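What follows is a set of notes on a single structure, which appears directly below.
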Amino acid sequence: MTQPKITVGILALQGAFMEHKFHLQKAIRHARPGSPLDTTKFDIIEVRTQEQLASADALVIPGGESTAISLIAERTGLLEPLRQFVRVDRKPVWGTCAGLILLSDEASRAKKGGQELIGGLHVRCQRNHFGRQTESFVCNLPLPFVGDDEPPFSAVFIRAPIVEKVLTGADATADIAEGVVRAPKLEVDSYKHAQIEVISSLPPTQGKEAGDIVAVRQGNIFGTSFHPELTPDVRLHGWWLQECVLRRNELRK
């Protein structure tokens, strides 16, 4: 029986959405023969409207400026549909840098006036943890979940956030600290269906920053602090697409 194609959307309101589109397409073109990527048909689309979002089976939220992305999403009527997509429908979603901030239930170091969050990842994310753009860096990051015996991933950090805390149920009802913003509660949230997995932290070579959490997963949501779309390496995009295939197959059982 022919499998239906998977439509992968890239939120194209601001930021590095074109780079993600190129990497997803490249990962598909270079798929290993017989692998899930090779045997699955994909449609990669840019998402700017509710109709385009509704047509997507999975979504990438790119790096950029999280405040700008949330403001545009709110003004274009996409914010609530995005919350539905991520937290209620629980479709696969991957947020990089600004995308990780938006997918977090809480964010610290918020700008004056705050910003809207999509939420879904039961973590508190710290914006601009490493400082200004001049403090950007690249490090070799072990990502064993991508594959056994794979070489480290050259991870690019630009004004990057980190996950500063994995939240508990008590945190959700605690008073909000100064400089912290919180996503609104929904009746159905993905964190009730899965636990947070810390899947990558900065290695000892990063000195005082060693151990900072830079990649997490919770059910359908995957978040990374760094910009995999700014390297020639498409392994992470290929891995995530395969996860989308697995999710589709689970739903079809």
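Residues are referred to by chain and number: the chain letter is A, B, ... according to the order shown in the structure tokens, the number counts from 1 in that chain, and ligands are numbered separately from 1 in the order shown.
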Run DSSP on the backbone and grab whatever in region 38-149 of chain A lands in strand (DSSP E); send it over as a ChimeraX atom specification. /A:42-47,58-61,93-96,104-108,121-126,137-141
Leaving out region 208-212 of chain A and any residue of its chain fewer than 6 positions from it, which residues lie within 9 Å of it when counting only C-alpha atoms, given as an MDAnalysis selection string? chainID A and resid 130 162:164 200:202
Write out, as a compact mmCIF listing (two decimals), in the first residue's frame, the residues just selected, with all heavy atoms.
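Generated output (part19.txt):
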# COMPACT_ATOMS: atom_id res chain seq x y z
N PHE A 130 24.44 33.37 26.48
CA PHE A 130 25.87 33.55 26.26
C PHE A 130 26.26 35.00 25.95
O PHE A 130 27.43 35.28 25.72
CB PHE A 130 26.35 32.63 25.13
CG PHE A 130 26.08 31.18 25.39
CD1 PHE A 130 24.99 30.55 24.81
CD2 PHE A 130 26.88 30.44 26.24
CE1 PHE A 130 24.72 29.21 25.06
CE2 PHE A 130 26.62 29.11 26.50
CZ PHE A 130 25.54 28.49 25.91
N ILE A 162 19.64 28.75 26.66
CA ILE A 162 19.84 27.42 27.23
C ILE A 162 18.57 27.06 28.01
O ILE A 162 17.74 27.91 28.30
CB ILE A 162 21.05 27.32 28.17
CG1 ILE A 162 20.85 28.26 29.38
CG2 ILE A 162 22.35 27.60 27.44
CD1 ILE A 162 21.75 27.92 30.56
N VAL A 163 18.44 25.78 28.32
CA VAL A 163 17.39 25.35 29.24
C VAL A 163 17.96 25.48 30.64
O VAL A 163 18.89 24.75 31.01
CB VAL A 163 16.94 23.91 28.95
CG1 VAL A 163 16.01 23.41 30.06
CG2 VAL A 163 16.26 23.83 27.60
N GLU A 164 17.45 26.44 31.41
CA GLU A 164 18.01 26.67 32.75
C GLU A 164 17.31 25.83 33.81
O GLU A 164 17.86 25.63 34.90
CB GLU A 164 17.95 28.14 33.13
CG GLU A 164 16.56 28.70 33.38
CD GLU A 164 16.61 30.15 33.85
OE1 GLU A 164 17.63 30.84 33.61
OE2 GLU A 164 15.63 30.60 34.46
N SER A 200 21.16 16.59 25.15
CA SER A 200 22.52 17.08 24.90
C SER A 200 22.83 18.27 25.79
O SER A 200 21.98 19.14 26.00
CB SER A 200 22.71 17.48 23.43
OG SER A 200 24.06 17.76 23.16
N SER A 201 24.05 18.27 26.31
CA SER A 201 24.57 19.38 27.11
C SER A 201 25.95 19.75 26.58
O SER A 201 26.61 18.95 25.90
CB SER A 201 24.67 18.99 28.59
OG SER A 201 23.41 18.59 29.10
N LEU A 202 26.39 20.96 26.89
CA LEU A 202 27.70 21.38 26.42
C LEU A 202 28.79 20.53 27.05
O LEU A 202 28.73 20.21 28.25
CB LEU A 202 27.93 22.85 26.75
CG LEU A 202 27.13 23.86 25.93
CD1 LEU A 202 27.44 25.28 26.38
CD2 LEU A 202 27.43 23.72 24.44
Neighbours of Leu141 (chain A) within 10 Å (only C-alpha atoms; same-chain residues fewer than 6 positions away dropped), as a ChimeraX atom specification? /A:151-156,200-203,205,214
Distance of CA of Val138 (chain A) from CA of Arg159 (chain A), expressed in Å to one decimal place: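 Atom-to-atom, CA of Arg159 (chain A) to CA of Val138 (chain A), that is 11.8 Å.
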Within 7 Å of region 29-41 of chain A, counting only C-alpha atoms, which residues qualify if same-chain residues fewer than 6 places away don't, as an mmCIF file with N, CA, C and O atoms, in the first residue's frame?
data_model
loop_
_atom_site.group_PDB
_atom_site.id
_atom_site.type_symbol
_atom_site.label_atom_id
_atom_site.label_comp_id
_atom_site.auth_asym_id
_atom_site.auth_seq_id
_atom_site.Cartn_x
_atom_site.Cartn_y
_atom_site.Cartn_z
ATOM 1 N N LYS A 5 2.088 11.024 1.635
ATOM 2 C CA LYS A 5 3.252 11.885 1.869
ATOM 3 C C LYS A 5 3.110 12.617 3.196
ATOM 4 O O LYS A 5 2.013 12.774 3.743
ATOM 5 N N ILE A 6 4.233 13.073 3.722
ATOM 6 C CA ILE A 6 4.270 13.859 4.941
ATOM 7 C C ILE A 6 4.574 15.303 4.557
ATOM 8 O O ILE A 6 5.580 15.587 3.898
ATOM 9 N N GLN A 242 13.140 11.441 10.113
ATOM 10 C CA GLN A 242 12.846 10.034 10.403
ATOM 11 C C GLN A 242 11.937 9.912 11.626
ATOM 12 O O GLN A 242 11.054 9.042 11.671
ATOM 13 N N VAL A 245 8.486 10.393 10.477
ATOM 14 C CA VAL A 245 7.962 9.176 9.847
ATOM 15 C C VAL A 245 7.491 8.193 10.921
ATOM 16 O O VAL A 245 6.405 7.600 10.814
#
Taking only C-alpha atoms into account, which of A:Asn140, A:Val93, A:Gln50, A:Leu79 comes nearest Gln206 (chain A)?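 Among the listed residues, the smallest separation from Gln206 (chain A) belongs to A:Asn140.
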Using only C-alpha atoms, which of the listed residues (A:Thr49, A:Thr7, A:Gln115, A:Thr224) sits closest to Arg248 (chain A)?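 Of A:Thr49, A:Thr7, A:Gln115, A:Thr224, the one nearest Arg248 (chain A), counting only C-alpha atoms, is A:Thr7.
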Identify which of the residues A:His227, A:Arg124, A:Asp148, A:Trp240 lies closest to Ile213 (chain A), counting only C-alpha atoms when measuring atom-to-atom distances. A:Arg124
Near region 13-28 of chain A, within 10 Å and counting only C-alpha atoms, which residues show up once chain neighbours fewer than 3 positions away are dropped, as a PyMOL selection string? chain A and resi 8-10+31-32+36-49+60-66+68-73+76+96+98-99+227-242
For Ile158 (chain A): contacts at 7 Å, only C-alpha atoms, fewer than 3 positions along chain excluded, given as a PyMOL selection string: chain A and resi 133+136-137
If we count only C-alpha atoms and set the cut-off at 6 Å, which residues sit around Ala160 (chain A), ignoring sequence neighbours fewer than 2 positions away in its own chain? Please answer as a compact mmCIF listing (two decimals) with C-alpha atoms, in the first residue's frame.
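See selection31.txt below for the written result:
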# COMPACT_ATOMS: atom_id res chain seq x y z
CA CYS A 97 17.28 28.84 19.10
CA ASN A 128 20.63 35.18 25.22
CA PHE A 157 25.53 29.17 18.95
CA ILE A 158 24.44 32.74 18.13
CA SER A 225 19.71 26.00 21.43
Could you please determine the separation between CA of Gly95 (chain A) and CA of Leu186 (chain A) in Å, to one decimal place?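 Straight-line distance from CA of Gly95 (chain A) to CA of Leu186 (chain A) works out to 19.8 Å.
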Could you tell me, as number ranges by chain, which residues of region 28-167 of chain A DSSP assigns to alpha helix (DSSP H) when given the backbone? A: 28-29, 36-39, 50-54, 66-75, 79-83, 98-103
Writer output for current selection, N, CA and C atoms, as a compact mmCIF listing (two decimals), in the first residue's frame:
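Contents of result.txt, as written:
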# COMPACT_ATOMS: atom_id res chain seq x y z
N ILE A 28 16.67 14.82 2.48
CA ILE A 28 15.82 13.89 1.73
C ILE A 28 16.55 13.39 0.49
N ARG A 29 17.21 14.30 -0.24
CA ARG A 29 17.94 13.91 -1.47
C ARG A 29 19.06 12.93 -1.18
N PRO A 36 13.91 5.13 6.03
CA PRO A 36 12.59 5.79 6.06
C PRO A 36 12.53 7.05 5.21
N LEU A 37 13.63 7.80 5.15
CA LEU A 37 13.64 9.00 4.32
C LEU A 37 13.55 8.66 2.84
N ASP A 38 14.18 7.56 2.48
CA ASP A 38 14.21 7.17 1.06
C ASP A 38 12.87 6.61 0.60
N THR A 39 12.13 6.01 1.52
CA THR A 39 10.88 5.34 1.13
C THR A 39 9.63 6.17 1.45
N GLN A 50 -2.90 30.36 8.59
CA GLN A 50 -3.55 29.26 9.31
C GLN A 50 -3.82 28.08 8.39
N GLU A 51 -4.17 28.36 7.14
CA GLU A 51 -4.46 27.29 6.18
C GLU A 51 -3.21 26.46 5.90
N GLN A 52 -2.08 27.13 5.74
CA GLN A 52 -0.83 26.39 5.51
C GLN A 52 -0.45 25.57 6.72
N LEU A 53 -0.63 26.13 7.92
CA LEU A 53 -0.33 25.38 9.14
C LEU A 53 -1.22 24.15 9.26
N ALA A 54 -2.49 24.31 8.94
CA ALA A 54 -3.43 23.20 9.04
C ALA A 54 -3.08 22.06 8.09
N SER A 66 12.92 35.82 18.67
CA SER A 66 11.71 35.20 19.21
C SER A 66 10.61 36.21 19.46
N THR A 67 10.97 37.42 19.91
CA THR A 67 9.95 38.44 20.15
C THR A 67 9.25 38.83 18.86
N ALA A 68 10.04 39.01 17.78
CA ALA A 68 9.46 39.37 16.49
C ALA A 68 8.57 38.26 15.95
N ILE A 69 9.01 37.01 16.07
CA ILE A 69 8.22 35.89 15.57
C ILE A 69 6.89 35.80 16.30
N SER A 70 6.93 35.94 17.64
CA SER A 70 5.69 35.85 18.41
C SER A 70 4.76 37.01 18.10
N LEU A 71 5.32 38.20 17.90
CA LEU A 71 4.49 39.36 17.59
C LEU A 71 3.81 39.21 16.24
N ILE A 72 4.56 38.74 15.24
CA ILE A 72 3.97 38.54 13.91
C ILE A 72 2.92 37.43 13.95
N ALA A 73 3.22 36.37 14.69
CA ALA A 73 2.25 35.26 14.81
C ALA A 73 0.97 35.75 15.46
N GLU A 74 1.09 36.60 16.47
CA GLU A 74 -0.09 37.12 17.14
C GLU A 74 -0.90 38.02 16.20
N ARG A 75 -0.22 38.87 15.46
CA ARG A 75 -0.90 39.83 14.58
C ARG A 75 -1.56 39.14 13.38
N LEU A 79 -0.96 32.55 16.43
CA LEU A 79 -0.46 32.14 17.74
C LEU A 79 -1.30 31.02 18.36
N GLU A 80 -2.61 31.19 18.39
CA GLU A 80 -3.45 30.14 18.97
C GLU A 80 -3.45 28.86 18.14
N PRO A 81 -3.50 28.96 16.79
CA PRO A 81 -3.36 27.72 16.00
C PRO A 81 -2.02 27.01 16.23
N LEU A 82 -0.96 27.76 16.47
CA LEU A 82 0.33 27.14 16.78
C LEU A 82 0.26 26.40 18.11
N ARG A 83 -0.38 26.98 19.10
CA ARG A 83 -0.54 26.30 20.39
C ARG A 83 -1.36 25.02 20.23
N ALA A 98 15.60 30.60 18.68
CA ALA A 98 14.37 31.33 18.98
C ALA A 98 13.19 30.38 19.05
N GLY A 99 13.19 29.35 18.22
CA GLY A 99 12.12 28.36 18.25
C GLY A 99 12.05 27.62 19.57
N LEU A 100 13.22 27.33 20.16
CA LEU A 100 13.25 26.70 21.49
C LEU A 100 12.64 27.62 22.53
N ILE A 101 12.96 28.90 22.47
CA ILE A 101 12.38 29.87 23.41
C ILE A 101 10.85 29.85 23.30
N LEU A 102 10.35 29.94 22.08
CA LEU A 102 8.91 30.01 21.86
C LEU A 102 8.19 28.74 22.33
N LEU A 103 8.85 27.60 22.25
CA LEU A 103 8.22 26.34 22.63
C LEU A 103 8.31 26.06 24.13
A:Leu167, A:Ala174, A:Ile196, A:Val86: which is nearest Ile118 (chain A), counting only C-alpha atoms?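 The answer is A:Val86, which sits nearest to Ile118 (chain A).
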What separation in Å, quoted to one decimal, exists between CA of Cys125 (chain A) and CA of Leu59 (chain A)? 20.0 Å
Would you mind telling me which residue in A:Asp175, A:Gln126, A:Thr168, A:Glu197 lies nearest to Phe145 (chain A) when using only C-alpha atoms? A:Glu197
